[in-house]
Every structure is written in structure tokens, then in C-alpha cells.
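Chemist: Take this structure, written in C-alpha cells, and hold onto it; I'll ask about it next.
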Amino acid sequence: MRPLEGVRVLDFSTLLPGPMCTLLLAEAGAEVIKVERPAGDEMRAYEPRLDEDSVNFVLLNRGKKSVTADLKSPDALARIKELIAESDVIVEQFRPGVMDRLGLGFDAARAINPRIVYCSITGYGQDGPASLVAAHDLNYQARTGMLSLAAGADGAPVVPATLTADLAAGAYPAVINILLALRQRDIDDQPRHLDISMSDNLFNLMYWGLGNGWAKQAWPRPGAELVTGASARYQVYRTADGAYLAAAPLEDKFWATFVELIELPELKHTDPMEDIRARVAERIAQHPIAYWRAKFDGHDVCVSEVVGLGEAVKDPHFQHRRLFDRVVAKDGSGARMTALPTLVDRAFQSHDAVVASPALGQHNVEILGRRNR
């Protein structure tokens with residue numbers, strides 16, 4: 001038995017943070033009912049596609065059930081309210097006030113179900129001057145100061161490769177707080193409204209910068225701090241053949257080994273913030289990646305080759321960890337692709353070799369008791 005079996009989740013979310021949150025809950029055994037508008041989650045239409053739906057949708061919504069409902073229809077709304085009475089968790093990521101106007105806000109939900117855990121995921125939270133501002137991940141990183149710390153050689157911020165706000169500051173805090181709220185409900189039998197603000201949670205990821213700023217008014221600058229590019233001990237270096245090494249020998253013991261291996265032993269006792277980046281870069285640039293791969297092999301130096309994602313998934317270590325063993329399939333299509341690695345303990349997740357994502361409205365009859373949307 002998986003830890004969340006018997007827990008029912010109504011998922012009104014679309015795109016990324018909410019669906020990733022409910023994917024984790026579904027993996028742990030919860031029954032996740034994805035409530036979609038009649039036209040479906042817009043992510044279904046993204047490219048590239050896996051049969052009739054996008055790969056993005058298939059990866060994020062496997063193991064869930066799909067019902068369609070026009071939430072502005074009194075008949076559909078009445079049926080959704082019946083589902084609320086039978087559910088444990090609601091996840092939504094509309095702008096503040098939208099669910100209230102639909103008659104499905106927290107106050108309405110707890111009147112129907114006084115034990116409901118209601119999770120609202122938004123960019124700026126349920127209140128405040130920016131709560132209704134339209135934004136995406138890049139905007140949240142910009143407004144919280146995170147984007148300013150990732151600068152290129154010309155000093156301009158670089159577009160991040162990961163959707164940090166959606167995932168690290170949205171989906172994962174939502175899961176954590178839902179689990180805490182379910183545990184608290186076991187104790188006091190009370191409902192909870194969880195206000196998950198992606199921008200709020202980004203500050204947690206910059207704890208060191210906040211500490212530096214508050215402790216001595218030394219607010220971090222791009223390219224000027226230990227972990228933002230100012231140190232030779234935390235740097236990306238180009239090799240003779242155009243490959244790159246990520247070198248992070250921060251501690252003295254790693255640094256001492258590193259400078260010995262690159263034949264610059266005179267740098268052993270330099271301060272981490274001493275600007276010797278050019279000297280190290282010049283030495284690394286003298287040899288191709290194969291030379292450095294062999295040179296560092298077997299030594300504790302905190303150096304890694306920068307590889308592409310296609311290479312990374314074939315890495316023997318990650319293959320050994322069986323991260324990508326399971327596959328996703330669309331019902332009856334025969335299409336196959338690897339599922340995302342999600343939960344840490346395999347005992348917490350489905351043991352099915354194939355975990356499919358739902359077709360639009362696939363579970364209308366089972367859950368709503370009728371075929372209409």
C-alpha cells in the first residue's frame with residue numbers, strides 16, 4: 001500500500017506547477033482527478049506531441065483521471081461540489097479571486113467539506129500589491145533578485161535553463177505543505193488554506209545572499225561572489241577542444257589537489273576570492289577534455305565535465321540508479337517514452353511498468369456519472 005492511497009485530490013491546475021505537484025501525489029498513491037475545461041488543459045496542444053497530446057502533458061499527468069466540466073455551468077458546478085464533499089485535497093492555480101467568483105473558493109469548499117485541504121498556487125500569493133499581476137517564471141526570478149545573480153560575460157542576465165519558480169518554489173513547496181496539512185488534519189480535524197507563492201519561495205533558494213545582505217549590508221552581485229563567478233574555485237573553464245569543465249574545489253583540501261593536478265601548485269594557499277581565474281583558465285585551455293577527464297579521474301577535486309542532457313541520461317551512474325526505468329503510454333496507442341524520475345523511495349510509487357496519462361474526459365462516466373462535459 002502506497003502512503004497516499006485513499007486520499008482523493010481534485011486538481012484544477014494547468015501547465016506546470018500544479019500538475020507537477022499532483023503528479024507527485026498521484027505517484028504516492030492518491031487518486032488525482034484532473035478537472036479540465038471542455039477544450040482541455042492548454043498544455044495538451046503543446047509541441048512536440050505523443051499521439052494526440054503533447055509530451056509535456058503526458059509526462060506531467062500520468063496516473064491521473066480526467067473529467068471535463070464547464071465551471072460556469074450550474075449543472076457542472078453542482079457535480080463538482082459533490083466531488084468536493086468526497087475529496088481530501090483541492091489544488092488550484094488561478095489568480096486570486098477566480099475560484100471565489102466560480103463559487104469554488106476556500107470558504108465555499110470548507111462549507112461543503114469541513115476537513116478540506118485547499119492549496120492555491122500563485123505567482124505572488126493571495127494578497128498584496130502584485131497578487132493580480134500577470135507573470136511567468138522568468139518574471140518571478142527577475143522581481144525577487146534571482147535573475148540578477150546569473151549574468152553572462154557581458155554582465156547581462158542570462159535566461160535560466162530551468163523553471164525554478166514553477167518547480168522548486170511552486171510544485172515542491174505545495175507538496176510539502178499539503179502533506180503537512182493532511183498530518184495536521186489528523187490531529188485537529190480542521191480545514192486548511194495553503195497560500196503557495198512562487199515568488200515568496202524563491203527567496204528560500206537565495207538564503208546565503210539574504211544572510212550576507214542583512215548581516216553586513218553586502219548584497220550579492222553577479223559575477224562578484226564566491227558562487228556567482230568571482231572565484232577560481234567555482235568556475236566553468238573551456239578546454240582546448242571547446243568542451244567545458246565545471247570546477248568547484250571550494251574547500252582547501254579539494255583546491256590543493258586541483259592545483260597540483262593542473263600543475264599550478266604555487267596557487268595552493270591563495271584566498272578563495274583572489275582573482276586568479278585567468279591563470280587557471282589559461283592552463284585548462286591548453287589541453288582537450290579527454291586529457292582532463294583522465295587527469296582528474298580517481299581524485300577528489302569536485303570537477304565535472306559539462307555534458308548535454310542526451311548524454312546525461314545515458315550516464316552509467318544514473319542508469320545504475322534506474323531513474324528512467326518506467327515508461328509512459330497513451331491508452332491503446334502503443335507509444336512509449338520514459339517517465340520522469342519523481343519519488344525517492346520506489347516503494348512510494350506505482351510499480352506498473354507503464355503508467356498512462358488520461359485522455360480528455362476519459363473518466364467522465366466513472367466519476368461524474370455521465371458523458372456530457
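Chains: A, B, ... in order of the C-alpha cells. Residues: from 1 per chain. Ligands: from 1, in order shown.
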Can you list, as a PyMOL selection string, every protein, DNA or RNA residue that comes within 7 Å of Trp219 (chain A) when you count only C-alpha atoms, leaving out same-chain residues fewer than 5 positions away?
Modeler: chain A and resi 209+212-213
Chemist: Can I get the selection written as a PDB file, in the first residue's frame, with C-alpha atoms?
Modeler:
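The resulting part29.pdb:
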ATOM      1  CA  GLY A 209      22.538  36.194  -0.278  1.00  0.00           C
ATOM      2  CA  ASN A 212      25.119  38.389   3.577  1.00  0.00           C
ATOM      3  CA  GLY A 213      22.899  41.368   2.913  1.00  0.00           C
TER       4      GLY A 213
END
Chemist: Within 10 Å of region 156-159 of chain A, counting only C-alpha atoms, which residues qualify if same-chain residues fewer than 2 places away don't, as a PyMOL selection string?
Modeler: chain A and resi 138+141-142+146-154+161-162+222
Chemist: In Å, rounded to a single decimal, give me how far CA of Gly40 (chain A) is from CA of Val91 (chain A).
Modeler: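 Interatomic distance, CA of Val91 (chain A) to CA of Gly40 (chain A): 16.8 Å.
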Chemist: Between A:Asp188, A:Leu132, A:Gly63, A:Leu179, single out the one closest to Arg115 (chain A), counting only C-alpha atoms.
Modeler: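 Among the listed residues, A:Asp188 lies closest to Arg115 (chain A).
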Chemist: Name the residues of region 237-328 of chain A that come out as alpha helix (DSSP H) in a backbone DSSP run; write them as a PyMOL selection string.
Modeler: chain A and resi 252-261+277-284+289-296+309-312+316-320
Chemist: Let me see the file: selected residues, N, CA and C atoms, as an mmCIF file, in the first residue's frame.
Modeler:
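That gives us selection03.cif:
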data_model
loop_
_atom_site.group_PDB
_atom_site.id
_atom_site.type_symbol
_atom_site.label_atom_id
_atom_site.label_comp_id
_atom_site.auth_asym_id
_atom_site.auth_seq_id
_atom_site.Cartn_x
_atom_site.Cartn_y
_atom_site.Cartn_z
ATOM 1 N N ASP A 252 39.681 23.836 0.930
ATOM 2 C CA ASP A 252 41.129 23.845 0.741
ATOM 3 C C ASP A 252 41.674 22.483 0.318
ATOM 4 N N LYS A 253 41.124 21.405 0.886
ATOM 5 C CA LYS A 253 41.645 20.074 0.556
ATOM 6 C C LYS A 253 41.405 19.736 -0.913
ATOM 7 N N PHE A 254 40.244 20.129 -1.447
ATOM 8 C CA PHE A 254 39.972 19.877 -2.856
ATOM 9 C C PHE A 254 40.804 20.807 -3.740
ATOM 10 N N TRP A 255 40.919 22.052 -3.317
ATOM 11 C CA TRP A 255 41.688 23.032 -4.083
ATOM 12 C C TRP A 255 43.159 22.623 -4.181
ATOM 13 N N ALA A 256 43.710 22.126 -3.100
ATOM 14 C CA ALA A 256 45.119 21.717 -3.101
ATOM 15 C C ALA A 256 45.361 20.613 -4.124
ATOM 16 N N THR A 257 44.470 19.647 -4.182
ATOM 17 C CA THR A 257 44.609 18.563 -5.165
ATOM 18 C C THR A 257 44.413 19.091 -6.579
ATOM 19 N N PHE A 258 43.443 19.967 -6.740
ATOM 20 C CA PHE A 258 43.135 20.532 -8.063
ATOM 21 C C PHE A 258 44.337 21.255 -8.650
ATOM 22 N N VAL A 259 44.960 22.158 -7.884
ATOM 23 C CA VAL A 259 46.074 22.937 -8.434
ATOM 24 C C VAL A 259 47.309 22.067 -8.668
ATOM 25 N N GLU A 260 47.467 21.006 -7.897
ATOM 26 C CA GLU A 260 48.560 20.058 -8.157
ATOM 27 C C GLU A 260 48.350 19.372 -9.504
ATOM 28 N N LEU A 261 47.135 18.943 -9.754
ATOM 29 C CA LEU A 261 46.846 18.208 -10.978
ATOM 30 C C LEU A 261 46.922 19.090 -12.223
ATOM 31 N N ARG A 277 41.494 33.671 -11.771
ATOM 32 C CA ARG A 277 40.705 32.931 -12.752
ATOM 33 C C ARG A 277 41.413 32.811 -14.096
ATOM 34 N N ALA A 278 42.059 33.874 -14.534
ATOM 35 C CA ALA A 278 42.702 33.865 -15.850
ATOM 36 C C ALA A 278 43.830 32.842 -15.905
ATOM 37 N N ARG A 279 44.587 32.718 -14.822
ATOM 38 C CA ARG A 279 45.698 31.765 -14.809
ATOM 39 C C ARG A 279 45.189 30.335 -14.895
ATOM 40 N N VAL A 280 44.138 30.044 -14.144
ATOM 41 C CA VAL A 280 43.577 28.694 -14.183
ATOM 42 C C VAL A 280 42.951 28.425 -15.550
ATOM 43 N N ALA A 281 42.229 29.398 -16.069
ATOM 44 C CA ALA A 281 41.586 29.226 -17.375
ATOM 45 C C ALA A 281 42.608 28.982 -18.468
ATOM 46 N N GLU A 282 43.740 29.703 -18.409
ATOM 47 C CA GLU A 282 44.793 29.528 -19.400
ATOM 48 C C GLU A 282 45.349 28.108 -19.363
ATOM 49 N N ARG A 283 45.523 27.559 -18.167
ATOM 50 C CA ARG A 283 46.063 26.206 -18.041
ATOM 51 C C ARG A 283 45.064 25.165 -18.549
ATOM 52 N N ILE A 284 43.789 25.317 -18.183
ATOM 53 C CA ILE A 284 42.777 24.354 -18.629
ATOM 54 C C ILE A 284 42.664 24.383 -20.151
ATOM 55 N N ILE A 289 39.420 17.936 -23.551
ATOM 56 C CA ILE A 289 38.628 17.370 -22.464
ATOM 57 C C ILE A 289 39.083 15.972 -22.079
ATOM 58 N N ALA A 290 39.499 15.167 -23.046
ATOM 59 C CA ALA A 290 39.929 13.796 -22.745
ATOM 60 C C ALA A 290 41.140 13.799 -21.813
ATOM 61 N N TYR A 291 42.032 14.746 -22.020
ATOM 62 C CA TYR A 291 43.210 14.848 -21.162
ATOM 63 C C TYR A 291 42.788 15.142 -19.727
ATOM 64 N N TRP A 292 41.898 16.120 -19.553
ATOM 65 C CA TRP A 292 41.483 16.496 -18.201
ATOM 66 C C TRP A 292 40.613 15.417 -17.567
ATOM 67 N N ARG A 293 39.809 14.734 -18.379
ATOM 68 C CA ARG A 293 38.994 13.646 -17.845
ATOM 69 C C ARG A 293 39.902 12.583 -17.211
ATOM 70 N N ALA A 294 40.977 12.234 -17.917
ATOM 71 C CA ALA A 294 41.916 11.236 -17.395
ATOM 72 C C ALA A 294 42.708 11.784 -16.213
ATOM 73 N N LYS A 295 43.046 13.047 -16.272
ATOM 74 C CA LYS A 295 43.856 13.676 -15.231
ATOM 75 C C LYS A 295 43.122 13.705 -13.888
ATOM 76 N N PHE A 296 41.840 14.022 -13.918
ATOM 77 C CA PHE A 296 41.081 14.167 -12.669
ATOM 78 C C PHE A 296 40.464 12.857 -12.191
ATOM 79 N N LEU A 309 22.023 17.095 -22.108
ATOM 80 C CA LEU A 309 21.010 16.282 -21.449
ATOM 81 C C LEU A 309 20.937 14.884 -22.050
ATOM 82 N N GLY A 310 21.108 14.798 -23.376
ATOM 83 C CA GLY A 310 21.086 13.492 -24.029
ATOM 84 C C GLY A 310 22.189 12.581 -23.552
ATOM 85 N N GLU A 311 23.352 13.160 -23.233
ATOM 86 C CA GLU A 311 24.445 12.371 -22.672
ATOM 87 C C GLU A 311 24.177 12.027 -21.210
ATOM 88 N N ALA A 312 23.606 12.964 -20.489
ATOM 89 C CA ALA A 312 23.397 12.776 -19.054
ATOM 90 C C ALA A 312 22.499 11.579 -18.757
ATOM 91 N N PRO A 316 26.357 6.123 -16.846
ATOM 92 C CA PRO A 316 26.272 4.836 -16.133
ATOM 93 C C PRO A 316 25.773 4.969 -14.698
ATOM 94 N N HIS A 317 26.098 6.081 -14.045
ATOM 95 C CA HIS A 317 25.620 6.260 -12.669
ATOM 96 C C HIS A 317 24.105 6.362 -12.629
ATOM 97 N N PHE A 318 23.530 7.208 -13.483
ATOM 98 C CA PHE A 318 22.079 7.385 -13.476
ATOM 99 C C PHE A 318 21.367 6.145 -14.014
ATOM 100 N N GLN A 319 22.031 5.427 -14.908
ATOM 101 C CA GLN A 319 21.478 4.152 -15.355
ATOM 102 C C GLN A 319 21.437 3.161 -14.198
ATOM 103 N N HIS A 320 22.511 3.143 -13.414
ATOM 104 C CA HIS A 320 22.551 2.259 -12.240
ATOM 105 C C HIS A 320 21.456 2.616 -11.244
#
Chemist: Can you work out which one of A:Ala218, A:Leu71, A:Leu267, A:Val117 has the shortest atom-to-atom distance to Asp100 (chain A), counting only C-alpha atoms?
Modeler: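 When distances to Asp100 (chain A) are compared using only C-alpha atoms, the smallest one comes from A:Leu71.
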Chemist: Go through A:Ala243, A:Val365, A:Leu182, A:Ala248 and flag the residue nearest Gly229 (chain A), using only C-alpha atoms for the distances.
Modeler: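 Distance minimum relative to Gly229 (chain A) lands on A:Ala248.
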Chemist: Determine the nearest neighbour of Pro288 (chain A) from the options A:Leu264, A:Ala111, A:Val327, A:Ala240, counting only C-alpha atoms.
Modeler: A:Ala240
Chemist: Taking the DSSP secondary structure from the backbone, can you list the residues of region 257-343 of chain A that are strand (DSSP E or B), as a list in words?
Modeler: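 Matching residues for strand (DSSP E or B) in region 257-343 of chain A are Val303, Ser304, Glu305, Val327, Val328, Met337 and Thr338 of chain A.
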Chemist: Rounded to one decimal, what separation in Å do you get between CA of Gly105 (chain A) and CA of Val133 (chain A)?
Modeler: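 Distance reported for this atom pair: 19.5 Å.
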Chemist: Which residues, written as a list of chain:residue names, have at least one atom at most 9 Å from Pro17 (chain A), with only C-alpha atoms counted and residues fewer than 4 positions away on the same chain left out?
Modeler: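 Here the answer would be A:Ser13, A:Cys21, A:Thr22, A:Gln93, A:Ile121, A:Ala165, A:Asp166, A:Leu167, A:Ala169, A:Gly170, A:Ala171, A:Tyr172, A:Ala174.
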Chemist: Please measure the separation of CA of Asp189 (chain A) and CA of Lys34 (chain A), giving the value in Å to one decimal.
Modeler: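 Separation of CA of Asp189 (chain A) and CA of Lys34 (chain A): 25.3 Å.
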Chemist: Excluding Tyr118 (chain A) and any residue of its chain fewer than 6 positions from it, enumerate the residues within 12 Å of it, using only C-alpha atoms, and give them as a ChimeraX atom specification.
Modeler: /A:9-12,84,87-93,99,104-110,174-175,177-179,181-182,185,190-196
